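Enquirer: Got a structure here, written out as structure tokens. Questions coming.
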Protein chains: 4
Amino acid sequence: MAGNSMGVLFRVTTWGESHGPAVGAVIDGCPPGMDLREEDIQKDLDRRRPSGLPWSTPRGEPDRVEILSGVTEGRTLGTPIAIMVRNTQARSSDYESLRDIFRPGHGDYTYHGKYGLRDHKGGGRASARETVARVAAGAVARKVIARHGIRVTAFTRELGGIRAQKTCLEYLEENVLRCPDPEVVPCMLQVLDQAMKDGDTLGGVVEVLVTGCPPGLGEPVFQKMDADLAWALMSIGSVKAVEIGKGLECARMRGSQCNDPMTPEGFLSNNAGGILAGITTGQEIWIRVACKPVPSIRKKQWSVDNNGNPVTLQISGRHDVCVIPRILPVCEAMVCLVLADHLLRQRAISP
Amino acid sequence: MAGNSMGVLFRVTTWGESHGPAVGAVIDGCPPGMDLREEDIQKDLDRRRPSGLPWSTPRGEPDRVEILSGVTEGRTLGTPIAIMVRNTQARSSDYESLRDIFRPGHGDYTYHGKYGLRDHKGGGRASARETVARVAAGAVARKVIARHGIRVTAFTRELGGIRAQKTCLEYLEENVLRCPDPEVVPCMLQVLDQAMKDGDTLGGVVEVLVTGCPPGLGEPVFQKMDADLAWALMSIGSVKAVEIGKGLECARMRGSQCNDPMTPEGFLSNNAGGILAGITTGQEIWIRVACKPVPSIRKKQWSVDNNGNPVTLQISGRHDVCVIPRILPVCEAMVCLVLADHLLRQRAISP
Amino acid sequence: MAGNSMGVLFRVTTWGESHGPAVGAVIDGCPPGMDLREEDIQKDLDRRRPSGLPWSTPRGEPDRVEILSGVTEGRTLGTPIAIMVRNTQARSSDYESLRDIFRPGHGDYTYHGKYGLRDHKGGGRASARETVARVAAGAVARKVIARHGIRVTAFTRELGGIRAQKTCLEYLEENVLRCPDPEVVPCMLQVLDQAMKDGDTLGGVVEVLVTGCPPGLGEPVFQKMDADLAWALMSIGSVKAVEIGKGLECARMRGSQCNDPMTPEGFLSNNAGGILAGITTGQEIWIRVACKPVPSIRKKQWSVDNNGNPVTLQISGRHDVCVIPRILPVCEAMVCLVLADHLLRQRAISP
Amino acid sequence: MAGNSMGVLFRVTTWGESHGPAVGAVIDGCPPGMDLREEDIQKDLDRRRPSGLPWSTPRGEPDRVEILSGVTEGRTLGTPIAIMVRNTQARSSDYESLRDIFRPGHGDYTYHGKYGLRDHKGGGRASARETVARVAAGAVARKVIARHGIRVTAFTRELGGIRAQKTCLEYLEENVLRCPDPEVVPCMLQVLDQAMKDGDTLGGVVEVLVTGCPPGLGEPVFQKMDADLAWALMSIGSVKAVEIGKGLECARMRGSQCNDPMTPEGFLSNNAGGILAGITTGQEIWIRVACKPVPSIRKKQWSVDNNGNPVTLQISGRHDVCVIPRILPVCEAMVCLVLADHLLRQRAISP
């Protein structure tokens, strides 16, 4: 109910500010008797860490996960799983000059407006650091759905306007951008490099593929699978658009093109993206999200301070040039969390 | 929690099958002492009714709303408001031949897979008739937010591939498609006409504009305003994509272009669409949704029956050629419902 | 979330004022494919109706139930089940003189305080008529749990200070008070008669017995089975105390007396009332609730009006002398609803 | 929704096993800008700690609270407040012999039945250690309601069958049992002493008094204030009965005795305990709960092991002879949490 929770049966609550002592999550509703070790979670957290490459933030904390409850002798108890990651490299001094200034493109102005005060250090709760908790919780959800054969993979469809034309998933692990088109990777790296030199940032498009999903997941009317997926992905700070299946393209098709014909051997196409009337068909689920460029740029910007006075600012600090590829495990986590919840809900009513 | 409810404080539950006795909604949490009469709701329901034009369904029931509780002597009591609209023109015989056949593009196959049985008559719960209840509940939400100066308007940005280039909102009431670009309307009507002649259907793009929204609505992390809006709109049967502000376009901008600079006089642009870090800025909110073509086409299609045997089908029945313009009040209703809920939530914590 | 709903997976929302057009409920989450007909619900509603005996209200409407959705051809669809009962015998004129007067022991004063206005006719939402919707929804829950062998029976333990010493359940159907002790029934009837003659009312104690409940239902910490049962029963207007198992008596036992020893053949006693650490043991569940006397008495009472002026009032209208026995099906309904919800929740995580 | 959370707007999730690394809580929905320091929470935690007297457990960990998020520079941010208390004195070796044995009166058997496995060490999640998190969260709720003048006090009404006849609240701080009747304290201490010598345990009755509560808190029908209070208190492990106002006694009154007459100066009595139709009247709220004796006794008991074989056991370990007085701050915490939630909910709709 409150704004920091999601899910009905696989329910996750996250907490933590960027420069507070820690960030974390509580998972309530994980099935009992499942193997779970800190390594399972650490693996996904490591994928979210900075790459060490020049256009990635140098904030390089190890993000060691601690499981504080809900697991004994390597197995889940059915009770809440509390997960914590200490913030060890917060450099709050970087933000002292921004204490009273609203950074454009960030939540500074809206948090101040909503709450009447805000944690200016590193963006506080609105920082992308919050996604550490999502990825940690998502790693648990990933294990839950994997037991039913469901697998979730995110990759880079587009970066800085450069689009992957091919979809060679076997190529994902072989490039730092997890781009499925080998030919465009050098070009993507080049625009990243140029943006960095310009003190500017880039956006991109992420695609998420779900395989092995059984038919029947999703609820009628409001908690449709596509609605919940859209919600989960749009809740990631930089996401500005979500498409399911052929998405926007469907608006330009005729019904006779868009409908996916069925045969005894299965569907002949998948424009719907694996979801019909909000419920999974058993086909692959395809989702696409558009991410805006990182708002922290080194270029000079106009803004105002807490008192409404005009200021110009130049953001130094430690920032990524693009949310890709670090946002990929975050997208996967959100999709895993939605699927785990719907999977449990379907079990409650299935014969 | 269950799939047919939405909202935390302004909580709506809808019910009803297309060919059952009625459809309806219960609204729990409407503030007390607000004027509310059946006419307030009827007005929006009438906007959702078929237009009478050739490419609109001839299912022409009057959709008279009944308020069954929560209102006395024209004022809301603070107790649940139950709303019902009888289904008076269901022609279930139209569907007898489809009892065992899965219509492509519809929920027949997935409902059958999920529940092990389904109401084949008119699509049952998965029918667009379900949106009667949304529009009725949305009309109450519209009154709640109007008291705080918030106004929600949906219009047609694109239809059958024809795009409105201009945004003349004063023109909306003057054409049956609620298109803000007078010049493209004839063209839109022509593609509708052609699709109808072909026994085919069309999709389109709807845009929703919110004015008068105060800053500070929306919650951190999961129940961000943009996440909740994406969820609400994606929960409409034919919606396949949702964009906030400049949406997909942001992915191709640089940070220096995408950030909206602030001055003492306000923001200099609105690429974010009125939402930053999930919380409203006080600017206009702009949302765009892509709708797939109506799946009920008169052309011959391939499918299977309940037993997996191949069939071909041609859908007769009474269907629209395009969900536009009837989907416009549905989109408005969903946005009103989300805003009403967040408005009440913000009141709970505001000083 | 909102105040008129209960349950997580078997979720019920009720609506309706005593003198409004109707009262009703929406059940979201009922498993699909279950036989359900209006007669199933009517049976329990009939048990809630006035008995026709002198100390029972003469408000004698038939309370015919209508199922408006969620059922087709006699089977549940898995979609929301909307249930409605029209109010046909509301005599609002009886209440005109009470428009501005707060009746002692009723919710008039608190509803006015909470909402700033109230429906004075028949108590509005705070009327016991609201329990029609609970009983109707409970009848559906009763069917859900009956499929798993669970049965819920409420009976009269005490009335007007007269206590049933024996517990002969086979005697319940044979007396109008559903009292399990044949010897005290004449005495109970006598105190009822005397109270009626005095223009006064009585309270009593109801006991609820659950048989056939499997072990493992209930959640740790907050949504313990006993906590949810206490909540559900305390939500009935006249209930002022809830005891589980030996209840209050436990406070006076020593641990060595109170603990229920276990043997390979099962527990040797049931002081706990079938629930340990909030989770069912598989034994019988015993619950006891204390009901206050009906607050509508014919004797003269002191009160105040909306403006704080002193008034004396004498309530005429049509009222029961005691909530027993009409409250018995209401207590059963609440227990059935809680059990149905926990049963579905347990299915979601069971191996 | 999941079993370890409570509240709608002031929402608390707790986690932790008795012998795990820590126990904790996340509070989502605390109003922003409120002073909050670790000392505020520590104060209540210290009241929950063992007294050091002979009939109190010697498990003497300091229970130092850490605030991990949601507070900056001593003020709440409006974001989730995560609280953690490390378990520093768990002696799991005490429990090794109980690994496969179900202790009578504990949750061992039911947790095993529900989840198929359990944390046998110190009772795991079912341990009273879990209430550390409740008390910590309750301390924050206490601050929220104190800002509106509401105060919550729990005291000992009865212990081991000895009843406090007087209610001298000014005496509470002067005796270790927080008993309001000076004359019975020596007697209570004597029965405690005797039970300890016998290797046995005692139960008791706790009373909770709420002062300063405004009228209008509570929701109709299901989320009545009394229902939510009953639920919150019954969710405490050892509670077996809850009474509101005169409670059980009401069942033996006539309507003319039980109704609280109103005058321009206020109510003339308070049999209802400050709640009418589920909504607060503005009077004092009186609640009484019965606590069973501590189930861990040193006497020999019969039970079974995981495989159903008969065993006899004698529990050593470190245990209290009675939950009183340590349960008093837990009862206060639960009442504070319910009031804080309803207070925020009422703010959302109040004019």
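Note on naming: chains are A, B, ... as they come in the structure tokens, residues start from 1 per chain, ligands start from 1 in the order shown.
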Considering only C-alpha atoms, tabulate each residue of range 223-260 of chain B that lies at most 9 Å from range 326-337 of chain B along with its nearest interatomic pair and the corresponding distance in Å to one decimal; arrange the rows by chain and ascending residue number and present them as JSON lines.
Expert:
{"residue": "B:Leu229", "atom": "CA", "partner": "B:Val335", "partner_atom": "CA", "distance": 6.4}
{"residue": "B:Ala232", "atom": "CA", "partner": "B:Met334", "partner_atom": "CA", "distance": 5.7}
{"residue": "B:Leu233", "atom": "CA", "partner": "B:Met334", "partner_atom": "CA", "distance": 6.4}
{"residue": "B:Ser235", "atom": "CA", "partner": "B:Met334", "partner_atom": "CA", "distance": 9.0}
{"residue": "B:Ile236", "atom": "CA", "partner": "B:Cys331", "partner_atom": "CA", "distance": 7.9}
Enquirer: Compile a residue-level contact table for chain A against chain C at a cut-off of 8 Å, reporting for every qualifying residue the shortest atom pair and its distance in Å to one decimal, with only C-alpha atoms counted, rows ordered by chain and ascending number, as JSON lines.
Expert:
{"residue": "A:Met1", "atom": "CA", "partner": "C:Met1", "partner_atom": "CA", "distance": 7.8}
{"residue": "A:Val8", "atom": "CA", "partner": "C:Val8", "partner_atom": "CA", "distance": 7.9}
{"residue": "A:Pro31", "atom": "CA", "partner": "C:Ile349", "partner_atom": "CA", "distance": 5.3}
{"residue": "A:Pro32", "atom": "CA", "partner": "C:Ile349", "partner_atom": "CA", "distance": 7.5}
{"residue": "A:Thr79", "atom": "CA", "partner": "C:Pro220", "partner_atom": "CA", "distance": 7.5}
{"residue": "A:Pro220", "atom": "CA", "partner": "C:Thr79", "partner_atom": "CA", "distance": 7.5}
{"residue": "A:Leu344", "atom": "CA", "partner": "C:Ala348", "partner_atom": "CA", "distance": 5.1}
{"residue": "A:Arg345", "atom": "CA", "partner": "C:Ala348", "partner_atom": "CA", "distance": 6.2}
{"residue": "A:Gln346", "atom": "CA", "partner": "C:Ala348", "partner_atom": "CA", "distance": 7.4}
{"residue": "A:Arg347", "atom": "CA", "partner": "C:Ala348", "partner_atom": "CA", "distance": 4.8}
{"residue": "A:Ala348", "atom": "CA", "partner": "C:Ala348", "partner_atom": "CA", "distance": 4.2}
{"residue": "A:Ile349", "atom": "CA", "partner": "C:Pro31", "partner_atom": "CA", "distance": 5.3}
{"residue": "A:Ser350", "atom": "CA", "partner": "C:Pro31", "partner_atom": "CA", "distance": 7.8}
Enquirer: Could you write out, as a ChimeraX atom specification, all the residues of range 13-206 of chain B that DSSP marks as alpha helix (DSSP H)?
Expert: /B:38-48,108-115,131-146,185-197
Enquirer: Which residue, D:Ser269, D:Ser256, D:Thr13, D:Thr281, has the smallest gap to Val210 in chain D when you use only C-alpha atoms?
Expert: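 Nearest to Val210 in chain D: D:Thr281.
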Enquirer: Mind pulling up the distance from CA of His342 in chain B to CA of Pro264 in chain B?
Expert: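 These atoms are spaced 26.9 Å apart.
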Enquirer: Could you give me, as a PyMOL selection string, the residues within 7 Å of range 167-180 of chain C, counting only C-alpha atoms and dropping anything in the same chain fewer than 5 positions from it?
Expert: chain C and resi 155-157+185+325
Enquirer: Could those residues be written to a file, using C-alpha atoms, as a compact mmCIF listing (two decimals), in the first residue's frame?
Expert:
# COMPACT_ATOMS: atom_id res chain seq x y z
CA PHE C 155 -24.57 -21.35 18.72
CA THR C 156 -25.83 -19.57 21.82
CA ARG C 157 -23.72 -20.06 24.92
CA VAL C 185 -33.93 -22.67 26.82
CA PRO C 325 -30.13 -15.73 17.44
Enquirer: Taking the DSSP secondary structure from the backbone, can you list the residues of range 215-287 of chain C that are strand (DSSP E), as JSON, numbers by chain?
Expert: {"C": [239, 240, 241, 242, 243, 244, 262, 263, 266, 267, 275, 276, 279, 280, 285, 286, 287]}
Enquirer: Take the selection from the previous step and output its residues with N, CA, C and O atoms, as a PDB file, in the first residue's frame.
Expert:
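Here's the written file again-v8.pdb:
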ATOM      1  N   VAL C 239     -20.371  -6.860  18.995  1.00  0.00           N
ATOM      2  CA  VAL C 239     -19.385  -7.694  19.698  1.00  0.00           C
ATOM      3  C   VAL C 239     -18.429  -6.819  20.514  1.00  0.00           C
ATOM      4  O   VAL C 239     -17.880  -5.849  20.009  1.00  0.00           O
ATOM      5  N   LYS C 240     -18.247  -7.173  21.776  1.00  0.00           N
ATOM      6  CA  LYS C 240     -17.375  -6.397  22.664  1.00  0.00           C
ATOM      7  C   LYS C 240     -16.210  -7.210  23.225  1.00  0.00           C
ATOM      8  O   LYS C 240     -15.354  -6.672  23.932  1.00  0.00           O
ATOM      9  N   ALA C 241     -16.180  -8.518  22.980  1.00  0.00           N
ATOM     10  CA  ALA C 241     -15.074  -9.336  23.482  1.00  0.00           C
ATOM     11  C   ALA C 241     -14.964 -10.584  22.619  1.00  0.00           C
ATOM     12  O   ALA C 241     -15.970 -11.088  22.119  1.00  0.00           O
ATOM     13  N   VAL C 242     -13.731 -11.044  22.441  1.00  0.00           N
ATOM     14  CA  VAL C 242     -13.474 -12.271  21.684  1.00  0.00           C
ATOM     15  C   VAL C 242     -12.486 -13.117  22.470  1.00  0.00           C
ATOM     16  O   VAL C 242     -11.469 -12.598  22.952  1.00  0.00           O
ATOM     17  N   GLU C 243     -12.799 -14.386  22.606  1.00  0.00           N
ATOM     18  CA  GLU C 243     -11.890 -15.324  23.279  1.00  0.00           C
ATOM     19  C   GLU C 243     -11.599 -16.484  22.339  1.00  0.00           C
ATOM     20  O   GLU C 243     -12.477 -16.958  21.629  1.00  0.00           O
ATOM     21  N   ILE C 244     -10.361 -16.939  22.350  1.00  0.00           N
ATOM     22  CA  ILE C 244      -9.956 -18.098  21.548  1.00  0.00           C
ATOM     23  C   ILE C 244      -9.659 -19.246  22.520  1.00  0.00           C
ATOM     24  O   ILE C 244      -8.936 -19.053  23.502  1.00  0.00           O
ATOM     25  N   MET C 262       1.107 -33.388  23.759  1.00  0.00           N
ATOM     26  CA  MET C 262       0.956 -34.114  22.496  1.00  0.00           C
ATOM     27  C   MET C 262       1.356 -35.575  22.697  1.00  0.00           C
ATOM     28  O   MET C 262       2.293 -35.877  23.436  1.00  0.00           O
ATOM     29  N   THR C 263       0.655 -36.447  21.990  1.00  0.00           N
ATOM     30  CA  THR C 263       1.014 -37.859  21.978  1.00  0.00           C
ATOM     31  C   THR C 263       0.945 -38.322  20.525  1.00  0.00           C
ATOM     32  O   THR C 263       0.425 -37.588  19.666  1.00  0.00           O
ATOM     33  N   GLY C 266      -2.276 -37.753  19.078  1.00  0.00           N
ATOM     34  CA  GLY C 266      -2.797 -36.397  18.954  1.00  0.00           C
ATOM     35  C   GLY C 266      -2.685 -35.639  20.260  1.00  0.00           C
ATOM     36  O   GLY C 266      -2.085 -36.117  21.225  1.00  0.00           O
ATOM     37  N   PHE C 267      -3.259 -34.451  20.276  1.00  0.00           N
ATOM     38  CA  PHE C 267      -3.229 -33.635  21.488  1.00  0.00           C
ATOM     39  C   PHE C 267      -4.128 -34.257  22.554  1.00  0.00           C
ATOM     40  O   PHE C 267      -5.176 -34.819  22.238  1.00  0.00           O
ATOM     41  N   ILE C 275      -5.342 -23.453  17.802  1.00  0.00           N
ATOM     42  CA  ILE C 275      -4.412 -22.517  17.164  1.00  0.00           C
ATOM     43  C   ILE C 275      -3.184 -22.354  18.053  1.00  0.00           C
ATOM     44  O   ILE C 275      -3.308 -22.050  19.234  1.00  0.00           O
ATOM     45  N   LEU C 276      -2.007 -22.566  17.494  1.00  0.00           N
ATOM     46  CA  LEU C 276      -0.746 -22.356  18.231  1.00  0.00           C
ATOM     47  C   LEU C 276       0.149 -21.413  17.437  1.00  0.00           C
ATOM     48  O   LEU C 276       0.410 -21.658  16.250  1.00  0.00           O
ATOM     49  N   ILE C 279      -1.227 -20.353  14.078  1.00  0.00           N
ATOM     50  CA  ILE C 279      -1.395 -21.292  12.969  1.00  0.00           C
ATOM     51  C   ILE C 279      -2.227 -22.474  13.470  1.00  0.00           C
ATOM     52  O   ILE C 279      -2.047 -22.930  14.600  1.00  0.00           O
ATOM     53  N   THR C 280      -3.130 -22.960  12.619  1.00  0.00           N
ATOM     54  CA  THR C 280      -4.046 -24.021  13.058  1.00  0.00           C
ATOM     55  C   THR C 280      -3.283 -25.323  13.307  1.00  0.00           C
ATOM     56  O   THR C 280      -2.335 -25.658  12.591  1.00  0.00           O
ATOM     57  N   ILE C 285     -11.430 -25.671  16.267  1.00  0.00           N
ATOM     58  CA  ILE C 285     -11.202 -24.287  16.685  1.00  0.00           C
ATOM     59  C   ILE C 285     -12.430 -23.832  17.465  1.00  0.00           C
ATOM     60  O   ILE C 285     -13.555 -24.002  17.003  1.00  0.00           O
ATOM     61  N   TRP C 286     -12.189 -23.289  18.655  1.00  0.00           N
ATOM     62  CA  TRP C 286     -13.276 -22.791  19.506  1.00  0.00           C
ATOM     63  C   TRP C 286     -13.098 -21.302  19.730  1.00  0.00           C
ATOM     64  O   TRP C 286     -12.035 -20.846  20.143  1.00  0.00           O
ATOM     65  N   ILE C 287     -14.161 -20.552  19.464  1.00  0.00           N
ATOM     66  CA  ILE C 287     -14.122 -19.098  19.643  1.00  0.00           C
ATOM     67  C   ILE C 287     -15.386 -18.677  20.385  1.00  0.00           C
ATOM     68  O   ILE C 287     -16.454 -19.244  20.165  1.00  0.00           O
TER      69      ILE C 287
END
Enquirer: Skip Arg125 in chain B itself and residues of its chain fewer than 5 positions away, then list as a VMD selection string all residues within 10 Å of it, counting only C-alpha atoms.
Expert: (chain A and resid 220 to 221 277) or (chain B and resid 15 to 20 23 107 111 118 to 120 130) or (chain C and resid 69 to 70 77 to 80)
Enquirer: Any idea what's packed within 8 Å of range 53-68 of chain D, counting only C-alpha atoms, ignoring anything in its chain fewer than 6 positions away? Could you give it as a PyMOL selection string?
Expert: (chain A and resi 16+20-23) or (chain D and resi 38+41-42+45-46+81-89+136+192-193+196+318-322)
Enquirer: Find the residues around Asn306 in chain C up to 12 Å (only C-alpha atoms counted), leave out those fewer than 3 positions away in its own chain, and share them as a tab-separated table (two decimals) with N, CA, C and O atoms, in the first residue's frame.
Expert:
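Writing done, so here's around02.tsv:
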chain	number	residue	atom	x	y	z
C	98	LEU	N	-35.68	11.44	14.34
C	98	LEU	CA	-34.32	11.22	14.87
C	98	LEU	C	-33.25	11.87	14.00
C	98	LEU	O	-32.06	11.68	14.22
C	99	ARG	N	-33.71	12.61	12.97
C	99	ARG	CA	-32.76	13.19	12.00
C	99	ARG	C	-31.61	13.92	12.68
C	99	ARG	O	-30.47	13.83	12.24
C	100	ASP	N	-31.89	14.66	13.73
C	100	ASP	CA	-30.86	15.48	14.36
C	100	ASP	C	-30.47	14.98	15.75
C	100	ASP	O	-29.84	15.71	16.51
C	101	ILE	N	-30.87	13.76	16.09
C	101	ILE	CA	-30.63	13.27	17.45
C	101	ILE	C	-29.68	12.08	17.42
C	101	ILE	O	-29.78	11.21	16.56
C	102	PHE	N	-28.73	12.09	18.32
C	102	PHE	CA	-27.78	10.97	18.43
C	102	PHE	C	-28.36	9.91	19.36
C	102	PHE	O	-28.50	10.15	20.57
C	103	ARG	N	-28.67	8.73	18.85
C	103	ARG	CA	-29.19	7.66	19.69
C	103	ARG	C	-28.05	7.06	20.53
C	103	ARG	O	-27.03	6.65	19.97
C	108	ASP	N	-24.51	6.98	15.60
C	108	ASP	CA	-24.94	8.30	15.09
C	108	ASP	C	-23.91	9.39	15.39
C	108	ASP	O	-23.54	10.17	14.51
C	109	TYR	N	-23.50	9.43	16.65
C	109	TYR	CA	-22.58	10.49	17.09
C	109	TYR	C	-21.22	10.34	16.41
C	109	TYR	O	-20.62	11.32	15.96
C	110	THR	N	-20.72	9.12	16.32
C	110	THR	CA	-19.37	8.94	15.78
C	110	THR	C	-19.34	9.11	14.26
C	110	THR	O	-18.39	9.67	13.72
C	111	TYR	N	-20.37	8.66	13.56
C	111	TYR	CA	-20.41	8.89	12.10
C	111	TYR	C	-20.48	10.38	11.81
C	111	TYR	O	-19.81	10.89	10.92
C	112	HIS	N	-21.31	11.07	12.60
C	112	HIS	CA	-21.41	12.52	12.42
C	112	HIS	C	-20.05	13.17	12.66
C	112	HIS	O	-19.62	14.05	11.92
C	113	GLY	N	-19.37	12.71	13.70
C	113	GLY	CA	-18.05	13.26	14.03
C	113	GLY	C	-17.02	12.96	12.96
C	113	GLY	O	-16.16	13.79	12.65
C	116	GLY	N	-18.90	14.39	9.21
C	116	GLY	CA	-19.50	15.71	9.12
C	116	GLY	C	-20.95	15.65	8.64
C	116	GLY	O	-21.63	16.66	8.61
C	117	LEU	N	-21.39	14.49	8.23
C	117	LEU	CA	-22.81	14.26	7.89
C	117	LEU	C	-23.07	12.77	8.07
C	117	LEU	O	-22.14	11.98	8.22
C	118	ARG	N	-24.35	12.40	8.10
C	118	ARG	CA	-24.64	10.97	8.24
C	118	ARG	C	-26.01	10.68	7.66
C	118	ARG	O	-26.84	11.57	7.50
C	120	HIS	N	-29.24	9.39	8.57
C	120	HIS	CA	-29.92	9.12	9.84
C	120	HIS	C	-30.95	8.01	9.70
C	120	HIS	O	-31.46	7.51	10.69
C	303	SER	N	-30.03	12.21	25.70
C	303	SER	CA	-29.01	12.36	24.67
C	303	SER	C	-28.90	13.84	24.28
C	303	SER	O	-29.41	14.71	25.00
C	309	ASN	N	-27.69	20.31	22.03
C	309	ASN	CA	-28.77	20.55	23.00
C	309	ASN	C	-29.23	19.24	23.62
C	309	ASN	O	-29.30	18.23	22.94
C	310	PRO	N	-29.59	19.27	24.89
C	310	PRO	CA	-30.05	18.05	25.54
C	310	PRO	C	-31.44	17.65	25.01
C	310	PRO	O	-32.27	18.51	24.72
C	311	VAL	N	-31.64	16.37	24.85
C	311	VAL	CA	-32.95	15.84	24.44
C	311	VAL	C	-33.23	14.57	25.24
C	311	VAL	O	-32.31	13.94	25.76
D	262	MET	N	-25.85	10.51	26.74
D	262	MET	CA	-25.12	11.71	26.38
D	262	MET	C	-25.80	12.95	26.96
D	262	MET	O	-27.02	13.01	27.02
D	263	THR	N	-24.96	13.92	27.33
D	263	THR	CA	-25.48	15.21	27.78
D	263	THR	C	-24.64	16.28	27.11
D	263	THR	O	-23.59	15.98	26.53
D	264	PRO	N	-25.08	17.51	27.18
D	264	PRO	CA	-24.25	18.58	26.59
D	264	PRO	C	-22.84	18.59	27.17
D	264	PRO	O	-21.90	19.05	26.53
